[in-house]
file data-v5.txt (compact mmCIF, C-alpha atoms)
# COMPACT_ATOMS: atom_id res chain seq x y z
CA MET R 247 73.82 105.05 89.70
CA SER R 248 76.70 106.03 91.96
CA ALA R 249 75.96 106.91 95.57
CA VAL R 250 77.77 110.18 94.83
CA THR R 251 77.29 112.21 91.65
CA TRP R 252 78.90 115.24 90.04
CA ASP R 253 75.98 117.35 91.30
CA ASP R 254 76.91 116.36 94.87
CA VAL R 255 80.50 117.51 94.31
CA ASP R 256 79.34 120.74 92.67
CA VAL R 257 77.04 121.55 95.59
CA ALA R 258 79.81 120.69 98.07
CA ARG R 259 82.15 123.14 96.32
CA GLU R 260 79.75 126.01 97.02
CA ARG R 261 78.88 124.75 100.50
CA ILE R 262 82.44 124.62 101.82
CA ALA R 263 83.74 127.75 100.06
CA PRO R 264 83.30 130.03 103.09
CA SER R 265 85.33 127.72 105.35
CA ALA R 266 87.83 125.69 103.31
CA ARG R 267 91.01 127.18 101.88
CA ARG R 268 91.65 127.25 98.17
CA THR R 269 95.01 125.52 98.41
CA PRO R 270 97.96 126.42 96.19
CA VAL R 271 99.02 124.62 93.03
CA LEU R 272 102.79 124.23 92.75
CA THR R 273 105.20 122.94 90.13
CA SER R 274 108.78 121.73 90.24
CA SER R 275 111.13 121.75 87.27
CA SER R 276 113.32 119.23 89.13
CA ILE R 277 110.48 116.74 89.48
CA ASP R 278 109.47 117.37 85.88
CA ARG R 279 112.95 116.29 84.83
CA LEU R 280 112.99 113.28 87.13
CA SER R 281 109.58 112.08 85.94
CA GLY R 282 109.77 113.10 82.31
CA SER R 283 106.35 114.71 82.81
CA ARG R 284 104.80 118.11 83.35
CA VAL R 285 103.49 117.83 86.89
CA VAL R 286 101.16 120.09 88.88
CA PHE R 287 100.68 119.50 92.59
CA LYS R 288 97.45 120.37 94.43
CA CYS R 289 98.85 121.06 97.88
CA GLU R 290 96.26 119.97 100.42
CA SER R 291 99.05 120.05 102.99
CA PHE R 292 98.14 123.75 103.21
CA GLN R 293 94.47 123.02 103.87
CA ARG R 294 93.01 123.81 107.28
CA THR R 295 94.03 121.08 109.77
CA GLY R 296 96.80 120.13 107.32
CA SER R 297 94.95 117.76 105.01
CA PHE R 298 92.18 117.31 102.44
CA LYS R 299 90.06 115.73 105.16
CA PHE R 300 88.71 119.13 106.17
CA ARG R 301 86.85 119.37 102.85
CA GLY R 302 84.76 116.26 103.46
CA ALA R 303 84.19 116.95 107.15
CA CYS R 304 83.16 120.52 106.41
CA ASN R 305 80.68 119.41 103.75
CA ALA R 306 79.21 116.73 106.02
CA VAL R 307 78.64 119.13 108.92
CA ALA R 308 77.26 121.87 106.68
CA SER R 309 74.83 119.32 105.17
CA LEU R 310 73.14 118.62 108.52
CA SER R 311 69.73 119.99 109.38
CA PRO R 312 69.50 122.50 112.27
CA ALA R 313 68.05 119.78 114.51
CA GLU R 314 70.90 117.40 113.67
CA ARG R 315 73.53 120.05 114.24
CA ALA R 316 72.15 120.83 117.67
CA ARG R 317 73.00 117.27 118.77
CA GLY R 318 76.52 117.45 117.38
CA VAL R 319 78.62 114.97 115.42
CA TYR R 320 80.81 112.00 116.26
CA THR R 321 83.32 109.77 114.53
CA HIS R 322 86.23 107.41 115.09
CA SER R 323 89.65 108.36 113.79
CA SER R 324 93.25 108.37 114.92
CA GLY R 325 94.42 111.18 112.71
CA ASN R 326 93.44 113.71 110.07
CA HIS R 327 89.68 113.11 110.02
CA ALA R 328 89.56 113.55 113.80
CA GLN R 329 91.05 117.03 113.54
CA ALA R 330 89.01 117.92 110.47
CA LEU R 331 85.65 117.03 112.00
CA ALA R 332 86.56 118.76 115.25
CA LEU R 333 87.31 122.02 113.43
CA ALA R 334 84.26 121.76 111.15
CA ALA R 335 82.05 121.30 114.21
CA SER R 336 83.72 124.22 115.97
CA ILE R 337 83.08 126.53 113.01
CA HIS R 338 79.38 125.68 113.23
CA GLY R 339 79.35 125.97 117.01
CA ILE R 340 78.26 122.39 117.67
CA PRO R 341 79.67 119.57 119.81
CA ALA R 342 82.04 116.97 118.38
CA TYR R 343 82.94 113.60 119.90
CA VAL R 344 85.91 111.71 118.52
CA VAL R 345 86.82 108.13 119.42
CA MET R 346 90.61 107.71 119.21
CA PRO R 347 92.54 104.49 119.95
CA GLU R 348 94.90 104.30 122.89
CA GLY R 349 98.40 104.94 121.60
CA SER R 350 97.29 107.56 119.07
CA SER R 351 99.80 110.31 118.45
CA PRO R 352 99.71 112.74 121.40
CA ILE R 353 100.13 115.59 118.93
CA LYS R 354 97.01 114.54 117.00
CA VAL R 355 95.00 114.00 120.18
CA ALA R 356 96.01 117.44 121.43
CA ALA R 357 95.13 119.03 118.10
CA THR R 358 91.71 117.37 118.05
CA GLU R 359 90.98 118.56 121.58
CA GLY R 360 92.36 121.97 120.69
CA TYR R 361 89.69 122.34 118.03
CA GLY R 362 87.09 121.75 120.73
CA ALA R 363 86.21 118.06 120.39
CA ARG R 364 85.78 115.69 123.29
CA VAL R 365 88.12 112.75 122.75
CA VAL R 366 86.97 109.32 123.93
CA SER R 367 89.60 106.57 124.16
CA CYS R 368 89.18 103.02 122.89
CA LEU R 369 91.35 99.96 122.49
CA PRO R 370 93.53 99.92 119.34
CA THR R 371 91.28 97.50 117.44
CA HIS R 372 88.63 98.04 114.77
CA ARG R 373 86.08 96.25 116.94
CA SER R 374 86.72 98.52 119.91
CA ARG R 375 86.55 101.61 117.72
CA LYS R 376 83.17 100.59 116.38
CA GLU R 377 81.73 99.55 119.75
CA VAL R 378 82.84 102.69 121.58
CA ALA R 379 81.69 104.93 118.73
CA GLU R 380 78.27 103.29 118.72
CA ARG R 381 78.01 103.87 122.47
CA VAL R 382 78.92 107.52 122.04
CA GLY R 383 76.25 107.85 119.37
CA VAL R 384 73.58 106.37 121.62
CA GLU R 385 74.59 108.48 124.61
CA THR R 386 74.79 111.79 122.74
CA GLY R 387 72.32 111.45 119.88
CA ALA R 388 74.98 112.98 117.66
CA ALA R 389 75.19 112.37 113.91
CA PHE R 390 77.86 109.95 112.71
CA VAL R 391 80.34 111.16 110.09
CA HIS R 392 82.38 108.28 108.71
CA PRO R 393 86.02 109.09 107.90
CA HIS R 394 85.65 108.06 104.25
CA ASP R 395 82.58 105.92 103.50
CA ASP R 396 80.05 108.78 103.65
CA PRO R 397 78.63 110.32 100.46
CA ARG R 398 78.88 113.82 101.95
CA VAL R 399 82.53 113.26 102.80
CA ILE R 400 83.33 111.80 99.37
CA ALA R 401 81.66 114.75 97.62
CA GLY R 402 83.66 117.19 99.71
CA GLN R 403 86.95 115.49 98.87
CA GLY R 404 86.20 115.83 95.17
CA THR R 405 86.34 119.62 95.43
CA ALA R 406 90.16 119.58 95.51
CA LEU R 407 90.29 118.40 91.90
CA CYS R 408 87.63 120.95 90.92
CA GLU R 409 89.94 123.73 92.06
CA LEU R 410 92.93 122.17 90.33
CA ILE R 411 91.16 121.91 86.96
CA GLU R 412 89.76 125.44 87.27
CA GLU R 413 93.27 126.79 87.79
CA ILE R 414 95.39 124.82 85.32
CA GLY R 415 92.99 123.32 82.76
CA ASP R 416 92.82 119.77 81.45
CA LEU R 417 95.10 116.90 82.48
CA ASP R 418 96.22 113.65 80.90
CA VAL R 419 96.77 111.73 84.14
CA ILE R 420 95.58 112.25 87.73
CA LEU R 421 97.33 110.55 90.65
CA ALA R 422 95.90 110.39 94.16
CA PRO R 423 96.61 108.17 97.18
CA VAL R 424 94.09 105.56 98.29
CA GLY R 425 93.41 104.20 101.77
CA GLY R 426 89.74 104.24 102.69
CA GLY R 427 89.07 105.61 99.22
CA GLY R 428 87.24 108.86 99.98
CA LEU R 429 89.74 111.15 98.26
CA LEU R 430 90.23 108.94 95.20
CA SER R 431 86.47 108.40 94.84
CA GLY R 432 85.68 112.10 94.98
CA THR R 433 88.55 112.82 92.60
CA ALA R 434 87.32 110.23 90.09
CA ILE R 435 83.78 111.62 90.14
CA ALA R 436 85.00 115.19 89.61
CA ALA R 437 87.39 114.05 86.86
CA ASP R 438 84.60 112.32 84.97
CA ARG R 439 82.92 115.70 84.50
CA LEU R 440 85.83 118.15 84.39
CA ALA R 441 88.62 116.06 82.81
CA PRO R 442 86.85 113.16 81.08
CA ASN R 443 89.88 112.17 79.02
CA ALA R 444 92.22 111.99 82.00
CA ARG R 445 93.36 108.62 83.33
CA VAL R 446 92.65 108.46 87.07
CA ILE R 447 95.17 106.25 88.85
CA GLY R 448 95.17 105.35 92.53
CA CYS R 449 98.44 104.99 94.43
CA GLU R 450 98.68 102.59 97.37
CA PRO R 451 101.44 101.30 99.67
CA ALA R 452 102.52 97.78 98.75
CA GLY R 453 102.27 96.95 102.44
CA ALA R 454 98.58 97.91 102.57
CA ASP R 455 97.33 96.72 99.20
CA ASP R 456 93.70 95.90 99.99
CA ALA R 457 92.33 98.35 97.41
CA TYR R 458 94.56 96.91 94.69
CA ARG R 459 93.49 93.37 95.55
CA SER R 460 89.84 94.34 95.97
CA ILE R 461 89.62 95.91 92.51
CA ARG R 462 91.33 92.89 90.94
CA ALA R 463 89.08 90.42 92.80
CA GLY R 464 85.87 92.35 92.23
CA ARG R 465 85.02 92.27 95.93
CA ARG R 466 86.08 94.13 99.05
CA ILE R 467 89.02 92.61 100.92
CA THR R 468 89.00 93.74 104.55
CA ASP R 469 90.89 90.97 106.33
CA PHE R 470 94.47 92.21 106.15
CA THR R 471 97.19 93.61 108.39
CA PRO R 472 98.79 96.76 106.97
CA HIS R 473 102.54 97.29 107.21
CA THR R 474 103.37 100.76 105.96
CA ILE R 475 104.77 104.05 107.16
CA ALA R 476 101.86 105.76 105.37
CA ASP R 477 99.61 105.67 108.42
CA GLY R 478 96.77 107.52 106.68
CA LEU R 479 96.42 104.68 104.15
CA ARG R 480 96.12 101.72 106.48
CA THR R 481 92.31 101.70 106.34
CA PRO R 482 90.39 99.29 104.08
CA LEU R 483 88.03 100.52 101.38
CA GLY R 484 84.45 101.11 102.43
CA GLU R 485 81.46 99.64 100.64
CA THR R 486 80.62 102.96 98.98
CA THR R 487 84.15 103.82 97.95
CA PHE R 488 84.76 100.33 96.60
CA SER R 489 81.66 100.52 94.39
CA ILE R 490 82.75 103.92 93.04
CA LEU R 491 86.38 103.03 92.39
CA ARG R 492 85.51 99.70 90.79
CA ASP R 493 83.62 101.61 88.08
CA THR R 494 85.67 104.79 87.66
CA ILE R 495 89.44 104.47 88.00
CA GLU R 496 91.86 103.01 85.49
CA ARG R 497 94.03 101.10 87.95
CA ILE R 498 95.94 101.18 91.22
CA VAL R 499 99.74 101.17 91.37
CA LEU R 500 101.60 99.80 94.38
CA VAL R 501 104.46 101.66 96.05
CA PRO R 502 107.18 99.99 98.17
CA GLU R 503 108.22 101.60 101.45
CA GLU R 504 111.62 102.77 100.22
CA GLU R 505 109.97 104.61 97.34
CA ILE R 506 107.56 106.35 99.73
CA VAL R 507 110.45 107.61 101.86
CA ASN R 508 112.44 108.65 98.79
CA ALA R 509 109.47 110.60 97.40
CA MET R 510 109.10 112.47 100.70
CA ARG R 511 112.76 113.38 100.57
CA VAL R 512 112.54 114.56 96.96
CA VAL R 513 109.56 116.82 97.67
CA TRP R 514 111.12 118.18 100.87
CA GLU R 515 114.41 118.93 99.08
CA ARG R 516 113.19 120.12 95.67
CA MET R 517 109.89 121.86 96.57
CA LYS R 518 110.72 122.92 100.14
CA ILE R 519 107.36 121.77 101.49
CA VAL R 520 106.53 119.15 104.08
CA ILE R 521 104.28 116.28 103.01
CA GLU R 522 103.28 113.21 105.00
CA PRO R 523 104.00 109.66 103.84
CA SER R 524 100.44 109.23 102.54
CA SER R 525 101.00 112.16 100.16
CA ALA R 526 104.33 110.77 99.03
CA VAL R 527 102.62 107.58 97.85
CA ALA R 528 101.11 109.59 94.98
CA VAL R 529 104.48 111.16 94.09
CA ALA R 530 106.62 108.03 94.15
CA PRO R 531 105.28 106.42 90.93
CA LEU R 532 106.31 109.51 88.94
CA LEU R 533 109.94 108.95 89.84
CA ARG R 534 109.89 105.59 88.04
CA ARG R 535 109.36 107.26 84.61
CA ASP R 536 106.46 105.08 83.47
CA SER R 537 105.14 105.34 79.91
CA ALA R 538 101.67 105.91 81.38
CA TRP R 539 102.65 109.45 82.35
CA GLU R 540 105.98 110.19 80.68
CA GLY R 541 105.57 113.23 78.45
CA LYS R 542 102.07 113.80 79.82
CA ARG R 543 100.49 116.56 81.89
CA VAL R 544 99.99 115.05 85.32
CA GLY R 545 98.02 116.28 88.32
CA VAL R 546 98.93 115.00 91.78
CA ILE R 547 96.83 115.48 94.89
CA LEU R 548 99.21 115.98 97.82
CA SER R 549 96.79 114.82 100.47
CA GLY R 550 98.36 116.32 103.60
CA GLY R 551 101.37 117.41 105.57
CA ASN R 552 100.74 116.18 109.10
CA VAL R 553 103.94 114.43 110.12
CA ASP R 554 104.54 113.44 113.74
CA LEU R 555 108.32 113.55 113.46
CA SER R 556 109.02 111.60 116.66
CA HIS R 557 106.87 108.67 115.47
CA PHE R 558 108.06 109.05 111.87
CA PHE R 559 111.78 108.69 112.56
CA ALA R 560 111.18 105.93 115.12
CA ASP R 561 109.19 104.03 112.47
CA LEU R 562 111.95 104.54 109.91
CA GLU R 563 114.54 103.23 112.31
CA ALA R 564 112.45 100.17 113.13
CA ARG R 565 112.04 99.43 109.40
CA GLY R 566 115.69 100.06 108.63
CA THR R 567 114.73 102.70 106.09
CA SER R 568 116.62 105.98 105.98
CA PRO R 569 115.29 109.29 104.63
CA ALA R 570 118.81 110.34 103.68

call {"tool": "encode", "arguments": {"input": "data-v5.txt", "output": "C-alpha cells"}}
result
Amino acid sequence: MSAVTWDDVDVARERIAPSARRTPVLTSSSIDRLSGSRVVFKCESFQRTGSFKFRGACNAVASLSPAERARGVYTHSSGNHAQALALAASIHGIPAYVVMPEGSSPIKVAATEGYGARVVSCLPTHRSRKEVAERVGVETGAAFVHPHDDPRVIAGQGTALCELIEEIGDLDVILAPVGGGGLLSGTAIAADRLAPNARVIGCEPAGADDAYRSIRAGRRITDFTPHTIADGLRTPLGETTFSILRDTIERIVLVPEEEIVNAMRVVWERMKIVIEPSSAVAVAPLLRRDSAWEGKRVGVILSGGNVDLSHFFADLEARGTSPA
C-alpha cells in the first residue's frame, strides 16, 4: 500500500480549504494551436507564496497536534518550500525555523523572514543542510516538515489536481514537473481516483534527470550534479516519492534547457502570466506536438511563478541561452 492514499488527499483538501487559494484555470488558443491539443493550465503561480508548495506545507502544519504546534516547525529549503512553511506556521501562530544555504536568493530569504520564520544559514551542500537542520531540531524541539518526502506534504500537493478536475472534468493527459517528486506524486494519487483513464506524465530537465534514470533503473539515483535553470527541480527524488512514482506514472519526459526557456517565453507572451522555469518544464513538451497528447485534452500544473529576475538573466547569460 502507498504511503499516501486518496483518503489522505481528500482530507487534505478539506483541511487546507480555509487557508489555500483556489487557483485559476486558464486556457490559451495560441498554445492549443502550437501543441495540437486542448490544454488547461492549473495556475499555482497564483497560490499564496507563489507556488503549489503552500498546499503541502499548510496541510503538514494543520496536521500537527496542539502539543507539536506549540514547539513549532523546521525545515531546510532554499526557495518555495521555505516561504510556504513560514507562512503556514504564521497562519497558525507558531514558530518556524528554516535552514537556507549561504548564497540563497536574497529575495527568497527576505520573503521567508517576512512571513515570520527565523532563517538559519548553512553551507551550500546537502550534508551541511542536513546537519544544521538536525541541530535546529534538537535545539528547538520543533517538528520537521520535509520539502517533498513527507506524506502530509504529498497529500497537500495532490489537492491542486482535485480542484482542476472539479472545474473542468476528465482529462486524457496530465503533465506536471518533477524534482523531489512531491507534486507529481500527489497528482498521480489524485488522478488515480478522479481521472483514472488519464495518462500521468512527469516532466524533468535533461540536466537534472535523476527521476528519469531512477524510474528506468528501478532504484533511486541520488549521486548526480544538476545543471539546469529550473532551480526548483534540482532536488533528487525522496524514498517515498520514488516508491509512489514507480508504481503510478506512465513515464517521464526530459526537457532541454533551450526548450525550458522557450516555453517560459511562450507563456509570458501568449498568456500574459509569469511562470518560473520549473513550471515551464511541464509546458515545453507540448510545443513538440507529440502523438501522446496531440488531439487530446491535456491538464498542466503550472507549479509556480517565483522568478528572481537578477539571478535568472545572469544564469541565462552564463549558459548562452536567450529568452528572446

call {"tool": "atom_distance", "arguments": {"input": "data-v5.txt", "atom1": "CA of Ile447 in chain R", "atom2": "CA of Leu533 in chain R"}}
result
15.0 Å

call {"tool": "residues_near_point", "arguments": {"input": "data-v5.txt", "point": "(94.7, 114.1, 121.4)", "cutoff": "10 Å", "atoms": "only C-alpha atoms", "output": "MDAnalysis selection string"}}
result
chainID R and resid 324:325 328:329 344 346:360 363:367

call {"tool": "residues_around", "arguments": {"input": "data-v5.txt", "residues": "Arg465 in chain R", "least_positions_apart": "2", "cutoff": "10 Å", "atoms": "all atoms listed in the file", "output": "mmCIF file with C-alpha atoms, keeping the file's coordinate frame"}}
result
data_model
loop_
_atom_site.group_PDB
_atom_site.id
_atom_site.type_symbol
_atom_site.label_atom_id
_atom_site.label_comp_id
_atom_site.auth_asym_id
_atom_site.auth_seq_id
_atom_site.Cartn_x
_atom_site.Cartn_y
_atom_site.Cartn_z
ATOM 1 C CA ALA R 457 92.330 98.350 97.410
ATOM 2 C CA ARG R 459 93.490 93.370 95.550
ATOM 3 C CA SER R 460 89.840 94.340 95.970
ATOM 4 C CA ILE R 461 89.620 95.910 92.510
ATOM 5 C CA ARG R 462 91.330 92.890 90.940
ATOM 6 C CA ALA R 463 89.080 90.420 92.800
ATOM 7 C CA ILE R 467 89.020 92.610 100.920
ATOM 8 C CA THR R 468 89.000 93.740 104.550
ATOM 9 C CA GLU R 485 81.460 99.640 100.640
ATOM 10 C CA PHE R 488 84.760 100.330 96.600
ATOM 11 C CA SER R 489 81.660 100.520 94.390
ATOM 12 C CA ARG R 492 85.510 99.700 90.790
#

call {"tool": "closest_atom_pairs", "arguments": {"input": "data-v5.txt", "of": "range 286-338 of chain R", "to": "range 515-519 of chain R", "cutoff": "10 Å", "atoms": "all atoms listed in the file", "output": "tab-separated table"}}
result
residue	atom	partner	partner_atom	distance
R:Cys289	CA	R:Ile519	CA	9.3
R:Ser291	CA	R:Ile519	CA	8.6
R:Phe292	CA	R:Ile519	CA	9.6

call {"tool": "atom_distance", "arguments": {"input": "data-v5.txt", "atom1": "CA of Ala406 in chain R", "atom2": "CA of Glu505 in chain R"}}
result
24.9 Å

call {"tool": "closest_residue", "arguments": {"input": "data-v5.txt", "among": "R:Ala334, R:Val446, R:Ile411, R:Leu491", "to": "Tyr320 in chain R", "atoms": "all atoms listed in the file"}}
result
R:Ala334

call {"tool": "atom_distance", "arguments": {"input": "data-v5.txt", "atom1": "CA of Gly415 in chain R", "atom2": "CA of Met510 in chain R"}}
result
26.4 Å

call {"tool": "residues_around", "arguments": {"input": "data-v5.txt", "residues": "range 546-551 of chain R", "least_positions_apart": "5", "cutoff": "6 Å", "atoms": "only C-alpha atoms", "output": "MDAnalysis selection string"}}
result
chainID R and resid 287:291 296:298 420:422 520:522 525

call {"tool": "closest_residue", "arguments": {"input": "data-v5.txt", "among": "R:His322, R:Arg279, R:His327, R:Arg315", "to": "Gly302 in chain R", "atoms": "only C-alpha atoms"}}
result
R:His327

call {"tool": "closest_residue", "arguments": {"input": "data-v5.txt", "among": "R:Arg511, R:Arg317, R:Arg267, R:His473", "to": "Ala388 in chain R", "atoms": "all atoms listed in the file"}}
result
R:Arg317

call {"tool": "closest_residue", "arguments": {"input": "data-v5.txt", "among": "R:Ser524, R:Thr295, R:Thr486, R:Gln403", "to": "Glu503 in chain R", "atoms": "all atoms listed in the file"}}
result
R:Ser524

call {"tool": "closest_residue", "arguments": {"input": "data-v5.txt", "among": "R:Thr386, R:Ser311, R:Thr494, R:Thr371", "to": "Ile435 in chain R", "atoms": "all atoms listed in the file"}}
result
R:Thr494

call {"tool": "closest_residue", "arguments": {"input": "data-v5.txt", "among": "R:Asp278, R:Asp253, R:Asp477, R:Glu413", "to": "Gly425 in chain R", "atoms": "only C-alpha atoms"}}
result
R:Asp477

call {"tool": "residues_around", "arguments": {"input": "data-v5.txt", "residues": "Asp418 in chain R", "least_positions_apart": "2", "cutoff": "10 Å", "atoms": "only C-alpha atoms", "output": "list in words"}}
result
Arg284, Asp416, Ile420, Ala441, Pro442, Asn443, Ala444, Arg445, Val446, Ala538, Trp539, Gly541, Lys542, Arg543, Val544 and Gly545 of chain R

call {"tool": "write_last_selection", "arguments": {"input": "data-v5.txt", "atoms": "C-alpha atoms", "output": "PDB file, in the coordinates of the input"}}
result
ATOM      1  CA  ARG R 284     104.800 118.110  83.350  1.00  0.00           C
ATOM      2  CA  ASP R 416      92.820 119.770  81.450  1.00  0.00           C
ATOM      3  CA  ILE R 420      95.580 112.250  87.730  1.00  0.00           C
ATOM      4  CA  ALA R 441      88.620 116.060  82.810  1.00  0.00           C
ATOM      5  CA  PRO R 442      86.850 113.160  81.080  1.00  0.00           C
ATOM      6  CA  ASN R 443      89.880 112.170  79.020  1.00  0.00           C
ATOM      7  CA  ALA R 444      92.220 111.990  82.000  1.00  0.00           C
ATOM      8  CA  ARG R 445      93.360 108.620  83.330  1.00  0.00           C
ATOM      9  CA  VAL R 446      92.650 108.460  87.070  1.00  0.00           C
ATOM     10  CA  ALA R 538     101.670 105.910  81.380  1.00  0.00           C
ATOM     11  CA  TRP R 539     102.650 109.450  82.350  1.00  0.00           C
ATOM     12  CA  GLY R 541     105.570 113.230  78.450  1.00  0.00           C
ATOM     13  CA  LYS R 542     102.070 113.800  79.820  1.00  0.00           C
ATOM     14  CA  ARG R 543     100.490 116.560  81.890  1.00  0.00           C
ATOM     15  CA  VAL R 544      99.990 115.050  85.320  1.00  0.00           C
ATOM     16  CA  GLY R 545      98.020 116.280  88.320  1.00  0.00           C
TER      17      GLY R 545
END

call {"tool": "residues_near_point", "arguments": {"input": "data-v5.txt", "point": "(97.1, 97.7, 93.0)", "cutoff": "8 Å", "atoms": "only C-alpha atoms", "output": "PyMOL selection string"}}
result
chain R and resi 448-450+452+455-459+461-462+497-500

call {"tool": "closest_atom_pairs", "arguments": {"input": "data-v5.txt", "of": "range 279-394 of chain R", "to": "range 256-265 of chain R", "cutoff": "12 Å", "atoms": "only C-alpha atoms", "output": "tab-separated table"}}
result
residue	atom	partner	partner_atom	distance
R:Gln293	CA	R:Ser265	CA	10.4
R:Arg294	CA	R:Ser265	CA	8.8
R:Thr295	CA	R:Ser265	CA	11.8
R:Phe300	CA	R:Ser265	CA	9.3
R:Arg301	CA	R:Ile262	CA	6.9
R:Gly302	CA	R:Ala258	CA	8.6
R:Ala303	CA	R:Ile262	CA	9.5
R:Cys304	CA	R:Ile262	CA	6.2
R:Asn305	CA	R:Ile262	CA	5.8
R:Ala306	CA	R:Ala258	CA	8.9
R:Val307	CA	R:Ile262	CA	9.7
R:Ala308	CA	R:Arg261	CA	7.0
R:Ser309	CA	R:Arg261	CA	8.2
R:Leu310	CA	R:Arg261	CA	11.6
R:Ala330	CA	R:Ser265	CA	11.7
R:Leu333	CA	R:Ser265	CA	10.1
R:Ala334	CA	R:Ser265	CA	8.4
R:Ala335	CA	R:Ser265	CA	11.4
R:Ser336	CA	R:Ser265	CA	11.3
R:Ile337	CA	R:Ser265	CA	8.1
R:His338	CA	R:Ser265	CA	10.1

call {"tool": "residues_around", "arguments": {"input": "data-v5.txt", "residues": "Gly484 in chain R", "least_positions_apart": "3", "cutoff": "9 Å", "atoms": "only C-alpha atoms", "output": "list of chain:residue names"}}
result
R:His394, R:Asp395, R:Asp396, R:Gly426, R:Gly427, R:Gly428, R:Arg466, R:Thr468, R:Thr481, R:Thr487, R:Phe488, R:Ser489
